[in-house]
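Student: You'll find target-v6.cif just under this line, and it carries mmCIF, C-alpha atoms.
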```
data_protein
#
loop_
_atom_site.label_atom_id
_atom_site.label_comp_id
_atom_site.auth_asym_id
_atom_site.auth_seq_id
_atom_site.Cartn_x
_atom_site.Cartn_y
_atom_site.Cartn_z
CA MET A 1 0.00 0.00 0.00
CA LYS A 2 2.85 2.39 0.85
CA LYS A 3 4.50 1.65 -2.50
CA LEU A 4 1.26 2.34 -4.37
CA PHE A 5 0.81 5.63 -2.50
CA LEU A 6 4.41 6.62 -3.28
CA ILE A 7 3.98 5.78 -6.98
CA ILE A 8 0.77 7.81 -7.17
CA LEU A 9 2.38 10.73 -5.31
CA LEU A 10 5.42 10.72 -7.61
CA GLY A 11 3.14 10.54 -10.63
CA PHE A 12 1.14 13.58 -9.53
CA ASN A 13 4.33 15.46 -8.75
CA SER A 14 5.75 14.65 -12.18
CA ILE A 15 2.56 15.70 -13.97
CA PHE A 16 2.16 18.89 -11.92
CA GLY A 17 5.80 19.86 -12.38
CA GLN A 18 5.63 19.28 -16.13
CA ASN A 19 2.42 21.31 -16.49
CA GLN A 20 3.90 24.12 -14.43
CA ASN A 21 7.00 24.29 -16.65
CA GLU A 22 4.85 24.20 -19.78
CA GLU A 23 2.70 26.98 -18.36
CA TYR A 24 5.79 29.14 -17.70
CA THR A 25 7.02 28.50 -21.24
CA ASN A 26 3.62 29.09 -22.82
CA SER A 27 3.21 32.35 -20.91
CA SER A 28 6.29 33.74 -22.70
CA LEU A 29 5.47 35.48 -25.97
CA VAL A 30 9.14 35.74 -26.92
CA GLN A 31 11.13 32.54 -27.33
CA ILE A 32 14.83 31.73 -27.51
CA ASN A 33 16.39 32.54 -30.92
CA GLU A 34 13.73 35.16 -31.69
CA VAL A 35 14.57 38.83 -32.08
CA ALA A 36 13.45 40.71 -28.99
CA PRO A 37 10.65 43.20 -29.68
CA ASP A 38 11.83 46.79 -29.68
CA PHE A 39 10.31 49.13 -27.13
CA SER A 40 10.77 52.57 -25.65
CA ILE A 41 11.05 53.27 -21.95
CA THR A 42 11.48 56.50 -20.04
CA THR A 43 14.29 56.96 -17.52
CA SER A 44 13.69 58.63 -14.16
CA GLU A 45 15.29 61.75 -15.71
CA GLY A 46 12.66 61.77 -18.49
CA LYS A 47 14.97 60.52 -21.28
CA ILE A 48 13.48 58.00 -23.71
CA VAL A 49 15.55 54.86 -24.26
CA ASN A 50 14.86 52.21 -26.92
CA LEU A 51 15.97 48.60 -26.73
CA SER A 52 17.37 49.04 -30.26
CA ASP A 53 19.75 51.70 -28.85
CA TYR A 54 21.67 48.79 -27.29
CA LYS A 55 22.25 46.84 -30.52
CA GLY A 56 25.77 45.43 -30.36
CA LYS A 57 25.57 44.99 -26.57
CA VAL A 58 24.47 42.16 -24.32
CA VAL A 59 21.26 43.24 -22.56
CA LEU A 60 19.61 41.65 -19.55
CA ILE A 61 15.93 42.53 -19.37
CA ASN A 62 14.53 41.78 -15.92
CA PHE A 63 10.82 42.10 -15.17
CA PHE A 64 9.85 42.39 -11.50
CA ALA A 65 7.34 43.90 -9.09
CA THR A 66 8.07 45.44 -5.71
CA TRP A 67 5.47 43.21 -4.03
CA CYS A 68 6.88 39.96 -5.53
CA GLY A 69 8.78 37.82 -2.99
CA PRO A 70 10.92 35.89 -5.51
CA CYS A 71 11.72 39.19 -7.28
CA MET A 72 12.98 40.65 -4.01
CA GLN A 73 15.13 37.54 -3.51
CA GLU A 74 16.61 37.88 -7.01
CA MET A 75 17.34 41.61 -7.13
CA PRO A 76 20.20 41.66 -4.58
CA PHE A 77 21.88 38.94 -6.68
CA ILE A 78 21.46 41.09 -9.79
CA GLU A 79 23.07 44.00 -7.95
CA LYS A 80 25.97 42.07 -6.40
CA ASP A 81 26.72 39.29 -8.88
CA ILE A 82 25.94 40.96 -12.21
CA TRP A 83 25.73 44.74 -12.02
CA ASN A 84 28.62 45.39 -9.64
CA LYS A 85 30.87 43.17 -11.77
CA LEU A 86 29.76 44.37 -15.20
CA LYS A 87 28.57 47.96 -14.81
CA ASN A 88 31.79 49.29 -16.34
CA ASN A 89 31.66 46.90 -19.29
CA LYS A 90 30.64 49.02 -22.30
CA ASN A 91 29.24 45.89 -23.99
CA PHE A 92 26.63 45.16 -21.31
CA THR A 93 23.59 46.73 -19.71
CA ILE A 94 20.58 45.84 -17.59
CA LEU A 95 17.04 47.06 -18.11
CA SER A 96 15.16 46.13 -14.96
CA ILE A 97 11.50 46.93 -15.49
CA GLY A 98 8.91 47.31 -12.74
CA ARG A 99 5.81 45.62 -14.12
CA ASP A 100 2.79 47.89 -13.68
CA HIS A 101 4.63 50.37 -11.45
CA SER A 102 4.62 54.15 -11.77
CA GLN A 103 7.84 56.18 -11.89
CA GLU A 104 7.08 57.48 -8.39
CA GLU A 105 6.81 53.92 -7.05
CA ILE A 106 10.08 52.96 -8.76
CA ASN A 107 11.88 56.03 -7.40
CA ALA A 108 10.73 55.24 -3.84
CA PHE A 109 11.72 51.58 -4.31
CA ILE A 110 15.23 52.51 -5.51
CA GLN A 111 15.68 54.93 -2.61
CA LYS A 112 14.53 52.32 -0.07
CA LYS A 113 16.51 49.36 -1.47
CA LYS A 114 19.60 51.32 -2.60
CA PHE A 115 19.91 49.43 -5.89
CA THR A 116 22.27 51.07 -8.37
CA PHE A 117 21.42 49.19 -11.59
CA PRO A 118 19.01 50.80 -14.08
CA ILE A 119 15.38 50.32 -13.01
CA TYR A 120 12.45 51.59 -15.07
CA ALA A 121 8.68 51.90 -14.64
CA ASP A 122 6.20 50.06 -16.87
CA LYS A 123 2.84 51.40 -15.72
CA GLY A 124 0.10 49.54 -17.56
CA LYS A 125 2.47 46.65 -18.46
CA ALA A 126 2.88 47.83 -22.07
CA ILE A 127 6.45 46.52 -22.28
CA TYR A 128 5.86 43.41 -20.21
CA ASN A 129 2.93 42.47 -22.47
CA LEU A 130 5.30 42.38 -25.47
CA PHE A 131 7.26 39.61 -23.75
CA ALA A 132 4.88 37.58 -21.58
CA THR A 133 1.36 37.10 -20.29
CA LYS A 134 2.13 36.26 -16.65
CA TYR A 135 4.75 35.33 -14.04
CA ILE A 136 7.61 37.29 -12.54
CA PRO A 137 10.47 37.56 -11.96
CA ARG A 138 11.22 36.97 -15.60
CA ASN A 139 14.54 37.47 -17.37
CA TYR A 140 15.41 37.72 -21.04
CA LEU A 141 19.05 37.79 -22.11
CA ILE A 142 19.54 39.50 -25.47
CA ASP A 143 22.71 38.98 -27.48
CA GLN A 144 24.64 41.57 -29.50
CA ASN A 145 22.40 40.90 -32.53
CA GLY A 146 19.15 41.53 -30.64
CA LYS A 147 18.20 37.85 -30.31
CA VAL A 148 16.91 36.26 -27.13
CA VAL A 149 19.46 33.64 -26.06
CA TYR A 150 18.23 32.82 -22.56
CA THR A 151 15.01 33.15 -20.57
CA SER A 152 14.05 32.34 -17.01
CA THR A 153 10.94 32.62 -14.89
CA GLY A 154 10.90 32.62 -11.11
CA PHE A 155 14.05 32.63 -9.05
CA SER A 156 16.44 29.89 -8.06
CA THR A 157 20.16 30.14 -7.40
CA GLY A 158 20.80 27.39 -9.97
CA GLU A 159 19.03 29.29 -12.75
CA PHE A 160 20.75 32.47 -11.67
CA GLU A 161 24.16 30.78 -11.99
CA GLU A 162 23.15 29.65 -15.49
CA LEU A 163 22.22 33.24 -16.37
CA LYS A 164 25.58 34.54 -15.15
CA THR A 165 27.42 31.87 -17.13
CA LYS A 166 25.49 32.77 -20.28
CA ILE A 167 26.22 36.50 -19.83
CA ASN A 168 29.94 35.85 -19.36
CA SER A 169 30.01 33.55 -22.38
CA LEU A 170 28.41 36.22 -24.59
CA LEU A 171 30.79 38.92 -23.35
CA ASN A 172 33.86 36.73 -23.87
CA ASN A 173 33.10 35.92 -27.52
#
```
Starting from the file, lay out its structure as structure tokens.
Tutor:
Amino acid sequence: MKKLFLIILLGFNSIFGQNQNEEYTNSSLVQINEVAPDFSITTSEGKIVNLSDYKGKVVLINFFATWCGPCMQEMPFIEKDIWNKLKNNKNFTILSIGRDHSQEEINAFIQKKKFTFPIYADKGKAIYNLFATKYIPRNYLIDQNGKVVYTSTGFSTGEFEELKTKINSLLNN
């Protein structure tokens, strides 16, 4: 009886895990090897920046929300393990985008958390909706040609290590 219960439990776990991964993948509108959609975003100083302005660079696009627990776990890693190491690399940038946040909310968030990497507001989710339908944190790594080469949803240290490895590989080519 215990064996039967264990088999059934493992079966449900396998099915649930597979469906969850498929759901994450299906919620992404932009897939690996596709050109990332161009968009415009406004800096806190009022300057308009386009994704296409970064052609020739490696770009990490990070979608988050200030109320999202896994996002708040991930962001210190972005600061310490990516931004602090690569901020002076002219071939790399980060566009961290607050999904459905106003500029005022983003400014208060930056002041409170003391993050130094570029963080932008996406009130109304106009930019987020070009990339996905749901789930954050969500990362898209764009290569020098504007193609998506890596995506992740949620936060785990293993996936984050994979992201760092991919960034370093792109910058060392």
Student: What gap, in Å, lies between CA of Phe115 in chain A and CA of Trp83 in chain A?
Tutor: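 Computing it gives 9.7 Å between the two atoms.
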Student: Which is closer to Val30 in chain A than all the others in A:Lys147, A:Lys125, A:Lys112, A:Lys90, using all atoms listed in the file?
Tutor: A:Lys147
Student: Determine, counting all atoms listed in the file, which protein, DNA and RNA residues have an atom within 12 Å of an atom of range 46-60 of chain A; residues of the same chain fewer than 3 positions away are not included. Present the result as a ChimeraX atom specification.
Tutor: /A:35-43,63,78,82-83,86-87,89-97,103,117-121,127,138-152,163-164,166-173
Student: I'd like the interatomic distance between CA of Lys85 in chain A and CA of Ser102 in chain A, to a tenth of an Å.
Tutor: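 About the pair CA of Lys85 in chain A and CA of Ser102 in chain A: they are 28.5 Å apart.
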Student: Using all atoms listed in the file, which residue out of A:Phe109, A:Ala132, A:Glu104, A:Asn33 lies closest to Met72 in chain A?
Tutor: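 For Met72 in chain A, the nearest of the candidates is A:Phe109.
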Student: What would the list of residues within 9 Å of (13.1, 33.6, -5.2) (file frame) look like as a count of residues only, if all atoms listed in the file are what count?
Tutor: 12
Student: Using all atoms listed in the file, pick whichever of A:Ile136, A:Asp81, A:Leu29, A:Thr153 has the shortest atom-to-atom distance to Trp67 in chain A.
Tutor: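 Going through A:Ile136, A:Asp81, A:Leu29, A:Thr153 one by one, the smallest distance to Trp67 in chain A is for A:Ile136.
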Student: For a test of reading the model, state the distance in Å between CA of Ser28 in chain A and CA of Leu130 in chain A, rounded to one decimal.
Tutor: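 Between these atoms lies a distance of 9.1 Å.
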Student: List every protein, DNA or RNA residue with an atom no more than 12 Å from (23.6, 51.4, -2.0) in the file's coordinates, counting only C-alpha atoms, and format the result as a list of chain:residue names.
Tutor: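 Checked against the point, the hits come out as A:Pro76, A:Glu79, A:Lys80, A:Asn84, A:Ile110, A:Gln111, A:Lys112, A:Lys113, A:Lys114, A:Phe115, A:Thr116, A:Phe117.
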Student: Which of these residues is nearest to Asn107 in chain A, using only C-alpha atoms: A:Ile61, A:Gly158, A:Ser27, A:Thr66?
Tutor: A:Thr66
